[in-house]
$ cat my_file-v2.cif   # mmCIF, C-alpha atoms and all ligand atoms
data_upload
loop_
_atom_site.group_PDB
_atom_site.id
_atom_site.type_symbol
_atom_site.label_atom_id
_atom_site.label_comp_id
_atom_site.auth_asym_id
_atom_site.auth_seq_id
_atom_site.Cartn_x
_atom_site.Cartn_y
_atom_site.Cartn_z
ATOM 1 C CA MET A 361 -21.920 -1.649 -5.649
ATOM 2 C CA ALA A 362 -22.904 -1.247 -2.043
ATOM 3 C CA VAL A 363 -20.232 0.780 -0.283
ATOM 4 C CA LEU A 364 -16.722 1.898 -1.113
ATOM 5 C CA ILE A 365 -13.654 0.738 0.761
ATOM 6 C CA ASP A 366 -10.367 2.648 0.980
ATOM 7 C CA TYR A 367 -7.509 1.096 2.926
ATOM 8 C CA HIS A 368 -4.700 3.374 1.811
ATOM 9 C CA CYS A 369 -4.694 7.139 2.261
ATOM 10 C CA HIS A 370 -2.456 9.771 3.795
ATOM 11 C CA THR A 371 -2.820 12.882 5.934
ATOM 12 C CA ASP A 372 -0.429 15.549 7.169
ATOM 13 C CA ILE A 373 1.021 13.006 9.575
ATOM 14 C CA SER A 374 2.873 11.845 6.436
ATOM 15 C CA ARG A 375 5.826 13.904 5.308
ATOM 16 C CA ASP A 376 4.470 14.135 1.746
ATOM 17 C CA SER A 377 0.863 15.163 2.497
ATOM 18 C CA ARG A 378 -0.686 18.375 3.772
ATOM 19 C CA ALA A 379 -4.238 17.077 4.129
ATOM 20 C CA PRO A 380 -5.615 17.566 7.666
ATOM 21 C CA TYR A 381 -6.692 14.255 9.216
ATOM 22 C CA TYR A 382 -10.359 15.114 9.784
ATOM 23 C CA ASP A 383 -10.703 16.740 6.354
ATOM 24 C CA MET A 384 -9.272 13.645 4.647
ATOM 25 C CA VAL A 385 -11.597 11.334 6.577
ATOM 26 C CA MET A 386 -14.616 13.457 5.660
ATOM 27 C CA ALA A 387 -13.545 13.755 1.996
ATOM 28 C CA GLU A 388 -13.391 9.953 1.858
ATOM 29 C CA TYR A 389 -16.821 9.721 3.475
ATOM 30 C CA ALA A 390 -18.274 12.279 1.057
ATOM 31 C CA ALA A 391 -16.914 10.182 -1.825
ATOM 32 C CA GLY A 392 -18.892 7.169 -0.565
ATOM 33 C CA VAL A 393 -16.298 5.318 1.539
ATOM 34 C CA ARG A 394 -17.700 3.499 4.559
ATOM 35 C CA HIS A 395 -14.700 1.300 5.438
ATOM 36 C CA LEU A 396 -11.670 3.548 5.743
ATOM 37 C CA CYS A 397 -8.155 3.070 7.033
ATOM 38 C CA VAL A 398 -5.706 5.980 7.243
ATOM 39 C CA THR A 399 -2.218 4.659 6.505
ATOM 40 C CA ASP A 400 0.328 7.392 7.046
ATOM 41 C CA HIS A 401 3.931 6.786 6.108
ATOM 42 C CA CYS A 402 6.078 5.246 8.778
ATOM 43 C CA ASP A 403 9.492 5.230 7.097
ATOM 44 C CA PRO A 404 12.769 4.677 8.925
ATOM 45 C CA VAL A 405 14.832 6.024 6.017
ATOM 46 C CA ASP A 406 15.357 9.652 5.090
ATOM 47 C CA TRP A 407 14.767 9.732 1.346
ATOM 48 C CA GLU A 408 17.460 12.400 0.882
ATOM 49 C CA THR A 409 20.317 11.088 3.007
ATOM 50 C CA LEU A 410 19.267 7.394 3.286
ATOM 51 C CA GLY A 411 20.127 7.761 6.982
ATOM 52 C CA PHE A 412 17.766 6.868 9.841
ATOM 53 C CA TYR A 413 14.642 9.050 10.017
ATOM 54 C CA PRO A 414 13.620 9.408 13.704
ATOM 55 C CA PRO A 415 10.074 10.836 13.111
ATOM 56 C CA CYS A 416 8.997 7.271 12.175
ATOM 57 C CA LEU A 417 9.102 6.439 15.879
ATOM 58 C CA ASP A 418 6.178 8.811 16.484
ATOM 59 C CA VAL A 419 3.776 7.974 13.661
ATOM 60 C CA ALA A 420 1.645 5.344 15.403
ATOM 61 C CA ARG A 421 1.181 7.608 18.432
ATOM 62 C CA ARG A 422 0.229 10.587 16.238
ATOM 63 C CA GLU A 423 -2.195 8.368 14.314
ATOM 64 C CA THR A 424 -3.901 7.352 17.541
ATOM 65 C CA GLU A 425 -4.059 10.952 18.787
ATOM 66 C CA ALA A 426 -5.607 12.143 15.525
ATOM 67 C CA PHE A 427 -8.125 9.307 15.639
ATOM 68 C CA GLU A 428 -9.104 10.009 19.251
ATOM 69 C CA ALA A 429 -9.501 13.717 18.480
ATOM 70 C CA VAL A 430 -12.133 13.106 15.778
ATOM 71 C CA ARG A 431 -13.895 9.920 16.858
ATOM 72 C CA ASP A 432 -16.860 11.747 18.449
ATOM 73 C CA ARG A 433 -17.464 13.699 15.248
ATOM 74 C CA LEU A 434 -17.509 10.737 12.853
ATOM 75 C CA PRO A 435 -20.625 9.710 10.936
ATOM 76 C CA PRO A 436 -22.100 6.629 12.635
ATOM 77 C CA ASP A 437 -21.976 4.530 9.459
ATOM 78 C CA LEU A 438 -18.251 5.115 8.880
ATOM 79 C CA GLU A 439 -15.918 2.375 10.080
ATOM 80 C CA LEU A 440 -12.585 4.168 10.544
ATOM 81 C CA ARG A 441 -9.458 2.174 11.304
ATOM 82 C CA ARG A 442 -5.924 3.133 12.281
ATOM 83 C CA GLY A 443 -3.062 1.991 10.092
ATOM 84 C CA VAL A 444 0.411 2.820 8.884
ATOM 85 C CA GLU A 445 2.290 2.315 5.655
ATOM 86 C CA LEU A 446 5.446 0.733 7.023
ATOM 87 C CA GLY A 447 8.174 1.430 4.497
ATOM 88 C CA GLU A 448 11.689 0.191 3.872
ATOM 89 C CA ILE A 449 11.524 -2.760 6.244
ATOM 90 C CA ILE A 450 14.794 -4.040 4.762
ATOM 91 C CA PHE A 451 16.801 -1.201 6.304
ATOM 92 C CA HIS A 452 15.912 -1.420 9.988
ATOM 93 C CA PRO A 453 14.042 -4.651 10.668
ATOM 94 C CA GLU A 454 14.323 -4.465 14.472
ATOM 95 C CA VAL A 455 12.858 -0.951 14.593
ATOM 96 C CA MET A 456 10.100 -1.951 12.187
ATOM 97 C CA ASN A 457 9.279 -4.994 14.265
ATOM 98 C CA THR A 458 8.499 -2.712 17.213
ATOM 99 C CA LEU A 459 6.624 -0.140 15.126
ATOM 100 C CA ALA A 460 4.475 -2.782 13.411
ATOM 101 C CA ARG A 461 3.254 -3.945 16.821
ATOM 102 C CA ALA A 462 2.468 -0.471 18.148
ATOM 103 C CA PRO A 463 -0.669 -0.608 20.320
ATOM 104 C CA GLY A 464 -3.836 0.687 18.705
ATOM 105 C CA LEU A 465 -2.989 -0.133 15.104
ATOM 106 C CA ASP A 466 -5.522 -2.133 13.126
ATOM 107 C CA PHE A 467 -3.624 -2.504 9.891
ATOM 108 C CA VAL A 468 -0.088 -2.364 8.536
ATOM 109 C CA LEU A 469 0.738 -1.985 4.868
ATOM 110 C CA GLY A 470 4.198 -3.315 4.071
ATOM 111 C CA SER A 471 5.810 -1.193 1.413
ATOM 112 C CA TYR A 472 9.120 -0.572 -0.246
ATOM 113 C CA HIS A 473 10.248 2.630 -2.003
ATOM 114 C CA ILE A 474 14.022 2.913 -1.459
ATOM 115 C CA THR A 475 16.780 0.543 -2.576
ATOM 116 C CA ARG A 476 20.132 0.266 -0.829
ATOM 117 C CA GLU A 477 21.895 0.375 -4.180
ATOM 118 C CA HIS A 478 20.195 3.240 -6.024
ATOM 119 C CA GLY A 479 18.034 5.143 -3.540
ATOM 120 C CA ASP A 480 14.366 5.996 -4.107
ATOM 121 C CA PHE A 481 12.530 4.611 -7.166
ATOM 122 C CA HIS A 482 11.041 8.052 -7.567
ATOM 123 C CA TRP A 483 14.352 9.640 -8.571
ATOM 124 C CA MET A 484 15.857 6.937 -10.769
ATOM 125 C CA ASP A 485 16.723 7.388 -14.452
ATOM 126 C CA TYR A 486 14.884 4.662 -16.360
ATOM 127 C CA SER A 487 16.411 5.325 -19.789
ATOM 128 C CA ASP A 488 18.887 2.424 -19.756
ATOM 129 C CA PRO A 489 17.240 -1.019 -20.305
ATOM 130 C CA ALA A 490 20.056 -2.797 -18.465
ATOM 131 C CA PHE A 491 19.474 -0.567 -15.448
ATOM 132 C CA CYS A 492 15.739 -1.302 -15.619
ATOM 133 C CA ARG A 493 16.473 -5.038 -15.559
ATOM 134 C CA GLU A 494 18.669 -4.551 -12.512
ATOM 135 C CA ILE A 495 15.968 -2.500 -10.792
ATOM 136 C CA CYS A 496 13.343 -5.213 -11.328
ATOM 137 C CA ASP A 497 15.797 -7.721 -9.935
ATOM 138 C CA ILE A 498 16.528 -5.669 -6.807
ATOM 139 C CA TYR A 499 12.828 -4.905 -6.347
ATOM 140 C CA LEU A 500 11.796 -8.562 -6.427
ATOM 141 C CA ARG A 501 14.714 -9.582 -4.197
ATOM 142 C CA ASP A 502 13.740 -7.052 -1.521
ATOM 143 C CA LEU A 503 9.992 -7.717 -1.760
ATOM 144 C CA GLN A 504 10.702 -11.418 -1.259
ATOM 145 C CA TRP A 505 12.782 -10.623 1.820
ATOM 146 C CA THR A 506 9.988 -8.371 3.099
ATOM 147 C CA ALA A 507 7.351 -11.047 2.432
ATOM 148 C CA GLU A 508 9.207 -13.437 4.689
ATOM 149 C CA MET A 509 9.066 -10.977 7.595
ATOM 150 C CA ASP A 510 6.258 -10.853 10.107
ATOM 151 C CA TYR A 511 5.832 -7.070 10.164
ATOM 152 C CA PHE A 512 2.796 -6.293 8.051
ATOM 153 C CA ASP A 513 -0.710 -7.425 7.072
ATOM 154 C CA VAL A 514 -0.814 -6.581 3.360
ATOM 155 C CA MET A 515 1.928 -5.873 0.816
ATOM 156 C CA ALA A 516 1.457 -2.486 -0.845
ATOM 157 C CA HIS A 517 1.492 -1.484 -4.516
ATOM 158 C CA ILE A 518 3.545 -4.281 -6.134
ATOM 159 C CA GLY A 519 5.211 -2.893 -9.289
ATOM 160 C CA TYR A 520 4.358 0.747 -8.563
ATOM 161 C CA PHE A 521 7.666 2.090 -9.954
ATOM 162 C CA ARG A 522 6.024 1.767 -13.357
ATOM 163 C CA ARG A 523 4.601 5.243 -12.600
ATOM 164 C CA TYR A 524 8.041 6.877 -12.454
ATOM 165 C CA ALA A 525 9.298 5.056 -15.552
ATOM 166 C CA MET A 526 6.187 6.078 -17.496
ATOM 167 C CA ALA A 527 6.717 9.703 -16.502
ATOM 168 C CA GLN A 528 10.036 9.397 -18.364
ATOM 169 C CA GLY A 529 8.363 7.741 -21.367
ATOM 170 C CA VAL A 530 9.583 4.229 -20.472
ATOM 171 C CA ASP A 531 7.051 1.383 -20.445
ATOM 172 C CA LEU A 532 8.351 -0.707 -17.547
ATOM 173 C CA SER A 533 6.364 -3.289 -15.645
ATOM 174 C CA LEU A 534 6.883 -6.545 -13.826
ATOM 175 C CA THR A 535 5.622 -9.137 -16.298
ATOM 176 C CA LEU A 536 4.960 -12.818 -15.718
ATOM 177 C CA ARG A 537 6.758 -13.529 -18.982
ATOM 178 C CA GLU A 538 10.019 -12.161 -17.581
ATOM 179 C CA HIS A 539 9.623 -12.692 -13.839
ATOM 180 C CA GLY A 540 6.849 -15.278 -13.516
ATOM 181 C CA ASP A 541 8.739 -17.696 -11.252
ATOM 182 C CA ARG A 542 9.821 -15.049 -8.783
ATOM 183 C CA ILE A 543 6.432 -13.333 -8.705
ATOM 184 C CA GLU A 544 4.733 -16.680 -8.111
ATOM 185 C CA HIS A 545 7.194 -17.447 -5.303
ATOM 186 C CA LEU A 546 6.496 -14.028 -3.755
ATOM 187 C CA LEU A 547 2.713 -14.485 -3.885
ATOM 188 C CA ARG A 548 2.930 -18.040 -2.527
ATOM 189 C CA THR A 549 5.055 -16.791 0.385
ATOM 190 C CA LEU A 550 2.496 -14.101 1.222
ATOM 191 C CA ILE A 551 -0.383 -16.574 1.046
ATOM 192 C CA GLN A 552 1.411 -19.174 3.179
ATOM 193 C CA ASN A 553 2.263 -16.546 5.788
ATOM 194 C CA GLY A 554 -1.355 -15.395 6.021
ATOM 195 C CA ARG A 555 -0.728 -12.016 4.432
ATOM 196 C CA GLY A 556 -2.460 -10.249 1.593
ATOM 197 C CA ILE A 557 -1.812 -7.814 -1.221
ATOM 198 C CA GLU A 558 -3.464 -4.532 -2.059
ATOM 199 C CA LEU A 559 -4.865 -3.263 -5.300
ATOM 200 C CA ASN A 560 -3.444 0.243 -5.297
ATOM 201 C CA CYS A 561 -5.675 2.431 -7.476
ATOM 202 C CA SER A 562 -3.318 5.404 -7.801
ATOM 203 C CA GLY A 563 -2.102 4.030 -11.126
ATOM 204 C CA LEU A 564 -5.696 3.885 -12.423
ATOM 205 C CA ARG A 565 -5.966 7.571 -11.602
ATOM 206 C CA ASP A 566 -2.728 8.384 -13.424
ATOM 207 C CA GLY A 567 -3.219 6.144 -16.483
ATOM 208 C CA CYS A 568 -0.508 3.647 -15.428
ATOM 209 C CA GLY A 569 -2.917 0.778 -14.737
ATOM 210 C CA PRO A 570 -3.459 -0.990 -11.422
ATOM 211 C CA PHE A 571 -0.609 -1.848 -9.030
ATOM 212 C CA PRO A 572 -0.092 -4.757 -9.245
ATOM 213 C CA SER A 573 -0.964 -5.398 -12.868
ATOM 214 C CA GLU A 574 -4.061 -7.364 -13.792
ATOM 215 C CA GLU A 575 -2.059 -10.500 -14.684
ATOM 216 C CA ILE A 576 -0.462 -10.524 -11.221
ATOM 217 C CA LEU A 577 -3.873 -10.022 -9.597
ATOM 218 C CA ARG A 578 -5.173 -13.000 -11.608
ATOM 219 C CA LEU A 579 -2.202 -15.139 -10.596
ATOM 220 C CA TYR A 580 -2.781 -14.243 -6.936
ATOM 221 C CA ARG A 581 -6.401 -15.346 -7.235
ATOM 222 C CA ASP A 582 -5.414 -18.555 -9.101
ATOM 223 C CA LEU A 583 -2.897 -19.417 -6.379
ATOM 224 C CA GLY A 584 -5.691 -19.183 -3.803
ATOM 225 C CA GLY A 585 -4.958 -15.685 -2.519
ATOM 226 C CA GLN A 586 -7.976 -14.369 -0.637
ATOM 227 C CA ILE A 587 -6.782 -11.420 1.418
ATOM 228 C CA ILE A 588 -6.937 -8.379 -0.838
ATOM 229 C CA THR A 589 -7.484 -4.749 0.072
ATOM 230 C CA VAL A 590 -8.150 -1.767 -2.133
ATOM 231 C CA GLY A 591 -6.691 1.723 -1.722
ATOM 232 C CA SER A 592 -6.608 5.111 -3.425
ATOM 233 C CA ASP A 593 -3.219 6.104 -1.915
ATOM 234 C CA ALA A 594 -4.621 9.650 -1.822
ATOM 235 C CA HIS A 595 -2.247 12.276 -0.452
ATOM 236 C CA ARG A 596 -4.561 15.191 -1.339
ATOM 237 C CA LEU A 597 -8.203 15.789 -0.496
ATOM 238 C CA ASP A 598 -9.244 15.911 -4.153
ATOM 239 C CA ASN A 599 -7.857 12.400 -4.653
ATOM 240 C CA ALA A 600 -9.788 10.897 -1.727
ATOM 241 C CA ALA A 601 -11.201 7.511 -2.798
ATOM 242 C CA LYS A 602 -10.274 8.282 -6.400
ATOM 243 C CA CYS A 603 -10.707 5.189 -8.586
ATOM 244 C CA VAL A 604 -11.413 2.746 -5.738
ATOM 245 C CA ASP A 605 -14.771 2.086 -7.421
ATOM 246 C CA GLN A 606 -12.913 1.090 -10.616
ATOM 247 C CA GLY A 607 -10.518 -1.020 -8.576
ATOM 248 C CA MET A 608 -13.337 -2.866 -6.817
ATOM 249 C CA GLU A 609 -15.037 -3.442 -10.163
ATOM 250 C CA LEU A 610 -11.797 -4.817 -11.605
ATOM 251 C CA LEU A 611 -11.423 -7.249 -8.708
ATOM 252 C CA LYS A 612 -14.970 -8.427 -9.282
ATOM 253 C CA THR A 613 -14.250 -8.990 -12.987
ATOM 254 C CA ILE A 614 -11.145 -11.005 -12.118
ATOM 255 C CA GLY A 615 -13.221 -13.215 -9.841
ATOM 256 C CA PHE A 616 -12.658 -11.892 -6.341
ATOM 257 C CA ARG A 617 -15.851 -11.940 -4.285
ATOM 258 C CA TYR A 618 -14.604 -10.222 -1.137
ATOM 259 C CA ILE A 619 -12.384 -7.344 -0.083
ATOM 260 C CA ALA A 620 -10.634 -7.479 3.265
ATOM 261 C CA VAL A 621 -10.936 -4.925 6.044
ATOM 262 C CA PHE A 622 -9.036 -5.196 9.327
ATOM 263 C CA THR A 623 -9.538 -4.790 13.052
ATOM 264 C CA ARG A 624 -6.451 -5.328 15.229
ATOM 265 C CA HIS A 625 -4.757 -7.041 12.267
ATOM 266 C CA GLU A 626 -7.585 -9.572 11.854
ATOM 267 C CA PRO A 627 -9.161 -9.594 8.387
ATOM 268 C CA ARG A 628 -12.898 -9.512 7.832
ATOM 269 C CA PHE A 629 -14.348 -9.997 4.361
ATOM 270 C CA ILE A 630 -16.790 -7.552 2.760
ATOM 271 C CA PRO A 631 -18.713 -8.943 -0.235
ATOM 272 C CA ILE A 632 -18.443 -6.972 -3.468
HETATM 273 ZN ZN ZN B 1 3.870 3.656 -0.892
HETATM 274 ZN ZN ZN B 2 0.946 5.434 0.299
#

$ encode --input "my_file-v2.cif" --output "structure tokens"
Amino acid sequence: MAVLIDYHCHTDISRDSRAPYYDMVMAEYAAGVRHLCVTDHCDPVDWETLGFYPPCLDVARRETEAFEAVRDRLPPDLELRRGVELGEIIFHPEVMNTLARAPGLDFVLGSYHITREHGDFHWMDYSDPAFCREICDIYLRDLQWTAEMDYFDVMAHIGYFRRYAMAQGVDLSLTLREHGDRIEHLLRTLIQNGRGIELNCSGLRDGCGPFPSEEILRLYRDLGGQIITVGSDAHRLDNAAKCVDQGMELLKTIGFRYIAVFTRHEPRFIPI
């Protein structure tokens, strides 16, 4: 494999990371990444109160400042891009519309971590099967709504709540057997709207499998989906680029020939 690509990582601009921007960029480079996009959280919802979270208004500016501060020190063969992980679009669509179009951004991941009904997926109790069915239902409803919005380039980590369920000993995933029609509708919407999906490799690192699952990745390819990115979702320096090589290999096995990278929201396709 020629070079590694990582289009999902965090720095201390994110509330849940303490990794300095330059150190994260250089850790990614040292791991072999040559196409890198830093995607700090830009969330309008406070995960504790579910109220509005004003620091989201500043993330794109801080991202640009951090980028400008290091650009002269970057290795010449590293293509570094500016992104954000735009979360919880369902809560404040007008604010997100403005943030998604912030000047200087190359790439926007559209993601979803907090439900109106039950708060953050991270803190849910997955022991009741009926509750798990409801959660899958809410998740797919809100992803579909998000997919129909024009606020992002690539949808992040479909089905990632599997991680939190597994931590409680519950094997929960979005399967085509149970949700095939809705997942197909979601993927078709993304494809028709010119958006992509990511293969989030954090689950490979943690033993939860890829997000989305392999069968959803295959369906996306079969439906004609071409825009796919790959990301480690590293929040710590020692996770920089972790498992993106496995993720790229998996995409190759499934039949993808290219991985997308972005400049000013325009995809370019790197052969794998
Ligand atoms: Zn996320
Ligand atoms: Zn992330």

$ atom_distance --input "my_file-v2.cif" --atom1 "CA of Ala379 (chain A)" --atom2 "CA of Ile365 (chain A)"
19.2 Å

$ resolve_selection --input "my_file-v2.cif" --expression "the PyMOL selection byres (((chain A and resi 424-428) around 9) and not hetatm)" --output "ChimeraX atom specification"
/A:373,381-382,419-423,429-432,440-442,464-465

$ residues_around --input "my_file-v2.cif" --residues "region 596-613 of chain A" --least-positions-apart "3" --cutoff "10 Å" --atoms "all atoms listed in the file" --output "MDAnalysis selection string"
chainID A and resid 361 363:372 376:381 383:393 396 559:566 569:571 574 577:578 581 588:593 616:619 631:632

$ closest_residue --input "my_file-v2.cif" --among "A:Leu410, A:Met456, A:Ile587, A:Ile630" --to "Glu477 (chain A)" --atoms "only C-alpha atoms"
A:Leu410

$ closest_atom_pairs --input "my_file-v2.cif" --of "chain A" --to "ligand ZN 1 (chain B)" --cutoff "7 Å" --atoms "all atoms listed in the file" --output "CSV"
residue,atom,partner,partner_atom,distance
A:Glu445,CA,B:ZN1,ZN,6.9
A:Ser471,CA,B:ZN1,ZN,5.7
A:Tyr472,CA,B:ZN1,ZN,6.8
A:His473,CA,B:ZN1,ZN,6.6
A:Ala516,CA,B:ZN1,ZN,6.6
A:His517,CA,B:ZN1,ZN,6.7

$ write_last_selection --input "my_file-v2.cif" --atoms "C-alpha atoms" --output "mmCIF file, keeping the file's coordinate frame"
data_model
loop_
_atom_site.group_PDB
_atom_site.id
_atom_site.type_symbol
_atom_site.label_atom_id
_atom_site.label_comp_id
_atom_site.auth_asym_id
_atom_site.auth_seq_id
_atom_site.Cartn_x
_atom_site.Cartn_y
_atom_site.Cartn_z
ATOM 1 C CA GLU A 445 2.290 2.315 5.655
ATOM 2 C CA SER A 471 5.810 -1.193 1.413
ATOM 3 C CA TYR A 472 9.120 -0.572 -0.246
ATOM 4 C CA HIS A 473 10.248 2.630 -2.003
ATOM 5 C CA ALA A 516 1.457 -2.486 -0.845
ATOM 6 C CA HIS A 517 1.492 -1.484 -4.516
#

$ closest_residue --input "my_file-v2.cif" --among "A:Tyr413, A:Trp407, A:Trp505, A:Tyr520" --to "ligand ZN 2 (chain B)" --atoms "all atoms listed in the file"
A:Tyr520

$ residues_around --input "my_file-v2.cif" --residues "Asp488 (chain A)" --least-positions-apart "3" --cutoff "12 Å" --atoms "all atoms listed in the file" --output "number ranges by chain"
A: 484-485, 491-495, 525, 528-532

$ residues_around --input "my_file-v2.cif" --residues "Leu550 (chain A)" --least-positions-apart "3" --cutoff "12 Å" --atoms "all atoms listed in the file" --output "mmCIF file with C-alpha atoms, in the coordinates of the input"
data_model
loop_
_atom_site.group_PDB
_atom_site.id
_atom_site.type_symbol
_atom_site.label_atom_id
_atom_site.label_comp_id
_atom_site.auth_asym_id
_atom_site.auth_seq_id
_atom_site.Cartn_x
_atom_site.Cartn_y
_atom_site.Cartn_z
ATOM 1 C CA GLY A 470 4.198 -3.315 4.071
ATOM 2 C CA LEU A 503 9.992 -7.717 -1.760
ATOM 3 C CA GLN A 504 10.702 -11.418 -1.259
ATOM 4 C CA TRP A 505 12.782 -10.623 1.820
ATOM 5 C CA THR A 506 9.988 -8.371 3.099
ATOM 6 C CA ALA A 507 7.351 -11.047 2.432
ATOM 7 C CA GLU A 508 9.207 -13.437 4.689
ATOM 8 C CA MET A 509 9.066 -10.977 7.595
ATOM 9 C CA ASP A 510 6.258 -10.853 10.107
ATOM 10 C CA TYR A 511 5.832 -7.070 10.164
ATOM 11 C CA PHE A 512 2.796 -6.293 8.051
ATOM 12 C CA ASP A 513 -0.710 -7.425 7.072
ATOM 13 C CA VAL A 514 -0.814 -6.581 3.360
ATOM 14 C CA MET A 515 1.928 -5.873 0.816
ATOM 15 C CA ALA A 516 1.457 -2.486 -0.845
ATOM 16 C CA ILE A 543 6.432 -13.333 -8.705
ATOM 17 C CA GLU A 544 4.733 -16.680 -8.111
ATOM 18 C CA HIS A 545 7.194 -17.447 -5.303
ATOM 19 C CA LEU A 546 6.496 -14.028 -3.755
ATOM 20 C CA LEU A 547 2.713 -14.485 -3.885
ATOM 21 C CA ASN A 553 2.263 -16.546 5.788
ATOM 22 C CA GLY A 554 -1.355 -15.395 6.021
ATOM 23 C CA ARG A 555 -0.728 -12.016 4.432
ATOM 24 C CA GLY A 556 -2.460 -10.249 1.593
ATOM 25 C CA ILE A 557 -1.812 -7.814 -1.221
ATOM 26 C CA GLU A 558 -3.464 -4.532 -2.059
ATOM 27 C CA TYR A 580 -2.781 -14.243 -6.936
ATOM 28 C CA LEU A 583 -2.897 -19.417 -6.379
ATOM 29 C CA GLY A 584 -5.691 -19.183 -3.803
ATOM 30 C CA GLY A 585 -4.958 -15.685 -2.519
ATOM 31 C CA GLN A 586 -7.976 -14.369 -0.637
ATOM 32 C CA ILE A 587 -6.782 -11.420 1.418
ATOM 33 C CA ILE A 588 -6.937 -8.379 -0.838
#

$ closest_residue --input "my_file-v2.cif" --among "A:His395, A:Pro414, A:Arg523, A:Thr409" --to "His478 (chain A)" --atoms "all atoms listed in the file"
A:Thr409

$ closest_residue --input "my_file-v2.cif" --among "A:Leu438, A:Cys568, A:Thr475, A:Val444" --to "ligand ZN 2 (chain B)" --atoms "all atoms listed in the file"
A:Val444

$ closest_residue --input "my_file-v2.cif" --among "A:Phe521, A:Pro453, A:Leu469, A:Ala527" --to "ligand ZN 2 (chain B)" --atoms "all atoms listed in the file"
A:Leu469

$ closest_residue --input "my_file-v2.cif" --among "A:Arg433, A:Leu459, A:Pro404, A:Gly447" --to "ligand ZN 2 (chain B)" --atoms "all atoms listed in the file"
A:Gly447

$ resolve_selection --input "my_file-v2.cif" --expression "the PyMOL selection byres (((chain A and resi 624) around 8) and not hetatm)" --output "short mmCIF file (atom, residue, chain, number, x, y, z; two decimals) with C-alpha atoms, in the coordinates of the input"
data_model
loop_
_atom_site.label_atom_id
_atom_site.label_comp_id
_atom_site.auth_asym_id
_atom_site.auth_seq_id
_atom_site.Cartn_x
_atom_site.Cartn_y
_atom_site.Cartn_z
CA GLY A 464 -3.84 0.69 18.70
CA LEU A 465 -2.99 -0.13 15.10
CA ASP A 466 -5.52 -2.13 13.13
CA PHE A 467 -3.62 -2.50 9.89
CA PHE A 622 -9.04 -5.20 9.33
CA THR A 623 -9.54 -4.79 13.05
CA HIS A 625 -4.76 -7.04 12.27
CA GLU A 626 -7.58 -9.57 11.85
#

$ atom_distance --input "my_file-v2.cif" --atom1 "CA of His539 (chain A)" --atom2 "CA of Gly479 (chain A)"
22.2 Å

$ atom_distance --input "my_file-v2.cif" --atom1 "CA of Tyr524 (chain A)" --atom2 "CA of His482 (chain A)"
5.9 Å

$ residues_around --input "my_file-v2.cif" --residues "Gly519 (chain A)" --least-positions-apart "4" --cutoff "8 Å" --atoms "all atoms listed in the file" --output "ChimeraX atom specification"
/A:533-534,571-573

$ axis_aligned_box --input "my_file-v2.cif" --around "region 593-608 of chain A" --padding-each-side "4 Å" --output "lines of an AutoDock Vina configuration file"
center_x = -8.5
center_y = 6.5
center_z = -5.5
size_x = 20.5
size_y = 26.8
size_z = 18.2

$ build_atoms --input "my_file-v2.cif" --residues "region 373-384 of chain A" --atoms "N, CA and C atoms" --output "PDB file, keeping the file's coordinate frame"
ATOM      1  N   ILE A 373       0.082  13.769   8.735  1.00  0.00           N
ATOM      2  CA  ILE A 373       1.021  13.006   9.575  1.00  0.00           C
ATOM      3  C   ILE A 373       2.138  12.444   8.685  1.00  0.00           C
ATOM      4  N   SER A 374       1.851  12.267   7.400  1.00  0.00           N
ATOM      5  CA  SER A 374       2.873  11.845   6.436  1.00  0.00           C
ATOM      6  C   SER A 374       3.670  13.059   5.982  1.00  0.00           C
ATOM      7  N   ARG A 375       4.942  12.816   5.715  1.00  0.00           N
ATOM      8  CA  ARG A 375       5.826  13.904   5.308  1.00  0.00           C
ATOM      9  C   ARG A 375       5.428  14.487   3.948  1.00  0.00           C
ATOM     10  N   ASP A 376       4.782  13.692   3.111  1.00  0.00           N
ATOM     11  CA  ASP A 376       4.470  14.135   1.746  1.00  0.00           C
ATOM     12  C   ASP A 376       2.991  14.464   1.537  1.00  0.00           C
ATOM     13  N   SER A 377       2.270  14.767   2.628  1.00  0.00           N
ATOM     14  CA  SER A 377       0.863  15.163   2.497  1.00  0.00           C
ATOM     15  C   SER A 377       0.586  16.365   3.396  1.00  0.00           C
ATOM     16  N   ARG A 378      -0.308  17.226   2.933  1.00  0.00           N
ATOM     17  CA  ARG A 378      -0.686  18.375   3.772  1.00  0.00           C
ATOM     18  C   ARG A 378      -2.168  18.341   4.130  1.00  0.00           C
ATOM     19  N   ALA A 379      -2.803  17.189   3.876  1.00  0.00           N
ATOM     20  CA  ALA A 379      -4.238  17.077   4.129  1.00  0.00           C
ATOM     21  C   ALA A 379      -4.502  16.879   5.619  1.00  0.00           C
ATOM     22  N   PRO A 380      -5.283  17.775   6.251  1.00  0.00           N
ATOM     23  CA  PRO A 380      -5.615  17.566   7.666  1.00  0.00           C
ATOM     24  C   PRO A 380      -6.400  16.260   7.859  1.00  0.00           C
ATOM     25  N   TYR A 381      -6.132  15.593   8.973  1.00  0.00           N
ATOM     26  CA  TYR A 381      -6.692  14.255   9.216  1.00  0.00           C
ATOM     27  C   TYR A 381      -8.223  14.237   9.072  1.00  0.00           C
ATOM     28  N   TYR A 382      -8.883  15.127   9.799  1.00  0.00           N
ATOM     29  CA  TYR A 382     -10.359  15.114   9.784  1.00  0.00           C
ATOM     30  C   TYR A 382     -10.889  15.425   8.376  1.00  0.00           C
ATOM     31  N   ASP A 383     -10.252  16.372   7.708  1.00  0.00           N
ATOM     32  CA  ASP A 383     -10.703  16.740   6.354  1.00  0.00           C
ATOM     33  C   ASP A 383     -10.553  15.555   5.396  1.00  0.00           C
ATOM     34  N   MET A 384      -9.449  14.809   5.527  1.00  0.00           N
ATOM     35  CA  MET A 384      -9.272  13.645   4.647  1.00  0.00           C
ATOM     36  C   MET A 384     -10.342  12.588   4.937  1.00  0.00           C
TER      37      MET A 384
END
